[in-house]
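Engineer: There's a structure below that I have some questions on.
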Amino acid sequence: MSITEQTYVPFTKEMKKTHTILVPTMLPMHFKFIISVLRAFGYSAELLETSGPEIAETGLHYVHNDTCYPAILVIGQFMDALKSGRYDPHRTALIQFQTGGGCRASNYISLLRKALKKEHLDYVPVISFSFAGIEKHPGFRLTLPVLHGLLYAVLFGDLIMSLVNQCRSYELNKGDAQKLADRWTEKLAAELGPGGHVTYFGAKRTYKKIIESFAAVPMEKRDAVKVGIVGEIFVKYSPLGNNDLERFLVDEGAEVTVPGLMDFCLYCVYNNIMDNKLYGRNRGIHLIYRLVFRLMCAMKRDMIRAVEKNGCFKPMTPFEHTVTLAKDYISMGVKMGEGWLLTAEMLELAESGIKNIVCAQPFGCLPNHICGKGMMKPVKEKNPDVNIVAVDYDAGATKVNQENRLKLMLANARAVRNGEERRSAAGA
């Protein structure tokens with residue numbers, strides 16, 4: 001009998017009333033919204049925001065160092081919380097987000113249960129948050145109303161993340177954009193939370209208000225080096241996973257762009273459509289996937305139109321266009337991990353004028369080394385002005401080495417920009 005079978009503890013309906021669900025960190029703003037949605041449906045949930053080298057050290061105590069770095073961090077964060085004394089393990093549950101794909105992320109739960117067993121905590125339920133139905137938990141169900149709330153959590157999170165990144169490199173009063181983001185996060189979390197009610201038309205009105213508030217942030221006019229971040233989903237977004245990459249780039253004077261979480265959600269839905277086209281799979285629910293895809297694309301386009309109408313910020317790229325970008329580079333059947341989306345996001349950034357790109361990946365992540373680092377050469381061959389640097393994140397990697405590589409990329413970007421400005425001035 002496997003370890004997973006031995007230690008599988010379902011999250012029951014009774015536990016919904018008694019247990020606190022601990023949520024690992026990834027996207028700080030998005031996950032606060034997600035937790036508010038869970039609370040609105042009767043769950044007690046708490047976001048873990050612990051950081052520091054001790055998280056990786058704790059993870060390495062339970063997980064082999066050859067295992068995916070995000071697994072080390074997530075398991076380290078969970079075990080650190082359970083051993084901290086802040087939570088009663090008999091009234092605590094853990095939740096792990098899974099896509100059900102072929103990468104090692106699908107093994108996180110087995111590794112986590114192994115760690116719990118080692119500490120005699122195997123009675124702690126581990127919930128699989130997955131649309132693939134990997135496990136059944138009677139007390140945790142992704143109903144249509146829950147999914148509706150989570151969809152708005154992703155949309156609001158993407159919008160605020162995009163706006164704060166376009167402001168904080170230029171703000172006259174440092175911290176204004178983040179403070180505004182925190183205020184909106186608190187306000188919207190309340191609306192998505194207990195007693196709140198978000199409608200489609202109400203959300204569109206809220207987009208307008210959010211954009212106007214960020215447009216009012218006092219900013220200086222200057223041309224900062226623009227840097228995009230792509231890569232494995234955890235290290236791309238999580239400050240814990242990428243040594244606070246966004247903050248480092250901003251402190252170096254760069255403007256940062258990170259593709260939104262909505263694109264990854266759309267990528268997952270689109271892959272099911274492609275499964276039908278390529279392999280004849282999902283015939284029974286193929287039309288449902290198409291309908292969901294169109295609905296989600298339309299909701300993203302509404303957000304894009306709100307940004308365009310205001311005119312102060314660069315809008316996101318419609319996902320229907322993102323899909324077309326990678327077709328001449330990589331097969332749409334490549335879907336392990338971030339798959340073809342990783343290549344498409346590099347091309348999306350380059351097309352939008354963001355020529356400097358950081359590909360953040362866990363060391364040894366096969367999908368990322370193929371679809372990210374492996375695609376750098378063909379991307380550069382067709383786009384010679386693109387400056388891409390792949391940065392590995394691992395428990396054994398040094399922060400100094402990572403930052404030196406980033407500084408070299410920024411130095412090269414500034415040299416290219418200065419050369420272009422001199423040629424432009426000479427031509428004038």
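Chain identifiers are assigned as A, B, and so on, following the order in which chains appear in the structure tokens; residues are numbered from 1 within each chain, and ligands are numbered from 1 in order of appearance.
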Considering only alpha helix (DSSP H) as DSSP defines it on the backbone, what residues of region 263-315 of chain A qualify? List them as a PyMOL selection string.

Structural biologist: chain A and resi 263-279+286-310

Engineer: What does the file look like for those residues with C-alpha atoms, as a PDB file, in the first residue's frame?

Structural biologist:
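Final file, out15.pdb:
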```pdb
ATOM      1  CA  ASP A 263      -3.867  33.612 -18.902  1.00  0.00           C
ATOM      2  CA  PHE A 264      -2.755  30.456 -17.097  1.00  0.00           C
ATOM      3  CA  CYS A 265      -6.381  29.606 -16.326  1.00  0.00           C
ATOM      4  CA  LEU A 266      -7.300  30.143 -19.978  1.00  0.00           C
ATOM      5  CA  TYR A 267      -4.306  28.046 -21.024  1.00  0.00           C
ATOM      6  CA  CYS A 268      -5.625  25.137 -18.942  1.00  0.00           C
ATOM      7  CA  VAL A 269      -9.080  25.419 -20.527  1.00  0.00           C
ATOM      8  CA  TYR A 270      -7.649  25.816 -24.042  1.00  0.00           C
ATOM      9  CA  ASN A 271      -5.539  22.683 -23.616  1.00  0.00           C
ATOM     10  CA  ASN A 272      -8.712  20.653 -23.153  1.00  0.00           C
ATOM     11  CA  ILE A 273     -10.023  22.089 -26.420  1.00  0.00           C
ATOM     12  CA  MET A 274      -6.757  21.136 -28.133  1.00  0.00           C
ATOM     13  CA  ASP A 275      -6.992  17.615 -26.679  1.00  0.00           C
ATOM     14  CA  ASN A 276     -10.190  17.190 -28.630  1.00  0.00           C
ATOM     15  CA  LYS A 277      -8.655  18.574 -31.812  1.00  0.00           C
ATOM     16  CA  LEU A 278      -5.400  16.605 -31.588  1.00  0.00           C
ATOM     17  CA  TYR A 279      -6.492  13.347 -29.968  1.00  0.00           C
ATOM     18  CA  HIS A 286     -15.892  19.605 -25.697  1.00  0.00           C
ATOM     19  CA  LEU A 287     -18.599  22.204 -26.312  1.00  0.00           C
ATOM     20  CA  ILE A 288     -18.628  23.132 -22.608  1.00  0.00           C
ATOM     21  CA  TYR A 289     -14.884  23.849 -22.701  1.00  0.00           C
ATOM     22  CA  ARG A 290     -15.396  26.044 -25.758  1.00  0.00           C
ATOM     23  CA  LEU A 291     -18.203  27.954 -24.056  1.00  0.00           C
ATOM     24  CA  VAL A 292     -16.171  28.471 -20.875  1.00  0.00           C
ATOM     25  CA  PHE A 293     -13.184  29.605 -22.953  1.00  0.00           C
ATOM     26  CA  ARG A 294     -15.245  32.196 -24.826  1.00  0.00           C
ATOM     27  CA  LEU A 295     -16.826  33.470 -21.613  1.00  0.00           C
ATOM     28  CA  MET A 296     -13.472  33.869 -19.852  1.00  0.00           C
ATOM     29  CA  CYS A 297     -11.923  35.574 -22.901  1.00  0.00           C
ATOM     30  CA  ALA A 298     -14.870  37.976 -23.064  1.00  0.00           C
ATOM     31  CA  MET A 299     -14.498  38.857 -19.376  1.00  0.00           C
ATOM     32  CA  LYS A 300     -10.802  39.563 -19.871  1.00  0.00           C
ATOM     33  CA  ARG A 301     -11.570  41.720 -22.924  1.00  0.00           C
ATOM     34  CA  ASP A 302     -13.967  43.814 -20.818  1.00  0.00           C
ATOM     35  CA  MET A 303     -11.130  44.504 -18.410  1.00  0.00           C
ATOM     36  CA  ILE A 304      -8.787  45.349 -21.301  1.00  0.00           C
ATOM     37  CA  ARG A 305     -11.343  47.787 -22.739  1.00  0.00           C
ATOM     38  CA  ALA A 306     -11.616  49.549 -19.381  1.00  0.00           C
ATOM     39  CA  VAL A 307      -7.832  50.094 -19.362  1.00  0.00           C
ATOM     40  CA  GLU A 308      -7.841  51.247 -22.993  1.00  0.00           C
ATOM     41  CA  LYS A 309     -10.704  53.703 -22.385  1.00  0.00           C
ATOM     42  CA  ASN A 310      -8.838  55.362 -19.525  1.00  0.00           C
TER      43      ASN A 310
END
```

Engineer: As a PyMOL selection string, please: every residue in region 255-360 of chain A that DSSP puts in strand (DSSP E or B).

Structural biologist: chain A and resi 255-257+356-360

Engineer: Do a neighbour search on region 373-390 of chain A at 6 Å with only C-alpha atoms, toss out local chain neighbours closer than 4 positions, and write the hits as a JSON list (two decimals) with C-alpha atoms, in the first residue's frame.

Structural biologist:
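Now in around.json:
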```json
[["chain", "number", "residue", "atom", "x", "y", "z"],
["A", 355, "LYS", "CA", 12.35, 43.38, -25.04],
["A", 356, "ASN", "CA", 14.05, 42.46, -21.76],
["A", 357, "ILE", "CA", 12.71, 39.23, -20.29],
["A", 358, "VAL", "CA", 13.58, 37.20, -17.20],
["A", 359, "CYS", "CA", 12.70, 33.52, -17.47],
["A", 369, "HIS", "CA", 14.00, 24.13, -19.52]]
```

Engineer: Which neighbours of Gly139 (chain A) fall inside 8 Å, counting only C-alpha atoms, when residues of the same chain fewer than 4 positions from it are skipped, and could you give them as number ranges by chain?

Structural biologist: A: 11-16

Engineer: Based on the selection just made, write N, CA and C atoms of those residues as an mmCIF file, in the first residue's frame.

Structural biologist:
```cif
data_model
loop_
_atom_site.group_PDB
_atom_site.id
_atom_site.type_symbol
_atom_site.label_atom_id
_atom_site.label_comp_id
_atom_site.auth_asym_id
_atom_site.auth_seq_id
_atom_site.Cartn_x
_atom_site.Cartn_y
_atom_site.Cartn_z
ATOM 1 N N PHE A 11 -11.266 15.622 3.773
ATOM 2 C CA PHE A 11 -11.799 16.795 4.456
ATOM 3 C C PHE A 11 -13.317 16.646 4.462
ATOM 4 N N THR A 12 -13.866 16.423 5.630
ATOM 5 C CA THR A 12 -15.288 16.093 5.743
ATOM 6 C C THR A 12 -16.154 17.345 5.914
ATOM 7 N N LYS A 13 -17.454 17.161 5.807
ATOM 8 C CA LYS A 13 -18.385 18.272 5.999
ATOM 9 C C LYS A 13 -18.303 18.808 7.424
ATOM 10 N N GLU A 14 -18.064 17.911 8.389
ATOM 11 C CA GLU A 14 -17.932 18.345 9.787
ATOM 12 C C GLU A 14 -16.692 19.212 9.963
ATOM 13 N N MET A 15 -15.612 18.875 9.255
ATOM 14 C CA MET A 15 -14.367 19.646 9.366
ATOM 15 C C MET A 15 -14.527 21.075 8.855
ATOM 16 N N LYS A 16 -15.449 21.279 7.932
ATOM 17 C CA LYS A 16 -15.690 22.629 7.414
ATOM 18 C C LYS A 16 -16.069 23.580 8.541
#
```

Engineer: Residues within 9 Å of Met79 (chain A), please, as a PDB file with N, CA and C atoms, in the first residue's frame. Count only C-alpha atoms; anything in the same chain fewer than 2 positions from it doesn't count.

Structural biologist:
```pdb
ATOM      1  N   ILE A  55      12.400  28.685   5.616  1.00  0.00           N
ATOM      2  CA  ILE A  55      11.328  27.949   4.940  1.00  0.00           C
ATOM      3  C   ILE A  55      11.926  26.864   4.049  1.00  0.00           C
ATOM      4  N   THR A  58      13.495  24.141   6.218  1.00  0.00           N
ATOM      5  CA  THR A  58      12.479  23.231   6.754  1.00  0.00           C
ATOM      6  C   THR A  58      12.026  22.257   5.673  1.00  0.00           C
ATOM      7  N   GLY A  59      11.795  22.781   4.464  1.00  0.00           N
ATOM      8  CA  GLY A  59      11.380  21.919   3.375  1.00  0.00           C
ATOM      9  C   GLY A  59      12.389  20.837   3.049  1.00  0.00           C
ATOM     10  N   TYR A  62      12.355  17.532   4.857  1.00  0.00           N
ATOM     11  CA  TYR A  62      11.345  16.526   4.527  1.00  0.00           C
ATOM     12  C   TYR A  62      11.365  16.114   3.052  1.00  0.00           C
ATOM     13  N   VAL A  74       6.751  25.063  -0.557  1.00  0.00           N
ATOM     14  CA  VAL A  74       5.362  24.898  -0.102  1.00  0.00           C
ATOM     15  C   VAL A  74       5.295  23.948   1.086  1.00  0.00           C
ATOM     16  N   ILE A  75       5.983  22.825   0.986  1.00  0.00           N
ATOM     17  CA  ILE A  75       5.979  21.862   2.091  1.00  0.00           C
ATOM     18  C   ILE A  75       6.700  22.438   3.298  1.00  0.00           C
ATOM     19  N   GLY A  76       7.780  23.175   3.043  1.00  0.00           N
ATOM     20  CA  GLY A  76       8.486  23.835   4.142  1.00  0.00           C
ATOM     21  C   GLY A  76       7.600  24.840   4.853  1.00  0.00           C
ATOM     22  N   GLN A  77       6.809  25.587   4.095  1.00  0.00           N
ATOM     23  CA  GLN A  77       5.922  26.585   4.694  1.00  0.00           C
ATOM     24  C   GLN A  77       4.814  25.918   5.514  1.00  0.00           C
ATOM     25  N   ALA A  81       4.523  26.078   9.663  1.00  0.00           N
ATOM     26  CA  ALA A  81       3.306  26.574  10.311  1.00  0.00           C
ATOM     27  C   ALA A  81       2.784  25.573  11.349  1.00  0.00           C
ATOM     28  N   LEU A  82       2.751  24.291  10.984  1.00  0.00           N
ATOM     29  CA  LEU A  82       2.222  23.287  11.899  1.00  0.00           C
ATOM     30  C   LEU A  82       3.094  23.112  13.138  1.00  0.00           C
ATOM     31  N   LYS A  83       4.393  23.332  13.000  1.00  0.00           N
ATOM     32  CA  LYS A  83       5.307  23.160  14.129  1.00  0.00           C
ATOM     33  C   LYS A  83       5.514  24.448  14.923  1.00  0.00           C
ATOM     34  N   SER A  84       4.896  25.547  14.452  1.00  0.00           N
ATOM     35  CA  SER A  84       5.118  26.848  15.096  1.00  0.00           C
ATOM     36  C   SER A  84       4.356  26.996  16.414  1.00  0.00           C
ATOM     37  N   LEU A 112       3.890  15.865   0.623  1.00  0.00           N
ATOM     38  CA  LEU A 112       3.418  16.549   1.828  1.00  0.00           C
ATOM     39  C   LEU A 112       2.892  15.544   2.851  1.00  0.00           C
ATOM     40  N   ALA A 115       5.707  13.915   4.584  1.00  0.00           N
ATOM     41  CA  ALA A 115       6.280  14.780   5.615  1.00  0.00           C
ATOM     42  C   ALA A 115       5.419  14.783   6.873  1.00  0.00           C
ATOM     43  N   LEU A 116       4.096  14.834   6.681  1.00  0.00           N
ATOM     44  CA  LEU A 116       3.189  14.805   7.835  1.00  0.00           C
ATOM     45  C   LEU A 116       3.326  13.502   8.612  1.00  0.00           C
TER      46      LEU A 116
END
```

Engineer: Quick one: pull the distance between CA of Leu150 (chain A) and CA of Phe31 (chain A), Å, one decimal.

Structural biologist: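 Taking CA of Leu150 (chain A) and CA of Phe31 (chain A), their separation equals 9.7 Å.
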
Engineer: Quick one, how far is CA of Pro28 (chain A) from CA of Val258 (chain A)?

Structural biologist: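 A separation of 13.7 Å between them.
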
Engineer: Neighbours of region 341-354 of chain A within 6 Å (only C-alpha atoms; same-chain residues fewer than 2 positions away dropped), as a ChimeraX atom specification?

Structural biologist: /A:226,325-326,338-339,356,371

Engineer: Extract, using only C-alpha atoms, all DNA, RNA and protein residues at most 10 Å from region 209-215 of chain A, discarding same-chain residues fewer than 2 positions from it, and format them as a list in words.

Structural biologist: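 What passes the distance filter is Phe156, Leu159, Ile160, Leu163, Val164, Gln166, Cys167, Asp176, Ala177, Leu180, Ala181, Trp184, Ala203, Lys204, Arg205, Thr206, Tyr207, Val217, Pro218, Met219, Ala306, Val307, Lys309, Asn310, Gly311, Cys312 and Phe313 of chain A.
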
Engineer: Choose the residue, out of A:Thr185, A:Asn418, A:Thr199, A:Thr324, that has the smallest atom-to-atom separation from Lys32 (chain A); count only C-alpha atoms.

Structural biologist: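 Of all the options, A:Thr185 lies closest to Lys32 (chain A).
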
Engineer: From the set A:Ser331, A:Gln361, A:Thr67, A:Ser128, which residue has the shortest atom-to-atom contact distance to Tyr237 (chain A), counting only C-alpha atoms?

Structural biologist: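 So, comparing all the options, the nearest one is A:Gln361.
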
Engineer: Calculate how many Å separate CA of Cys68 (chain A) from CA of Ala397 (chain A), rounding to one decimal.

Structural biologist: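 Those two atoms sit 13.2 Å apart.
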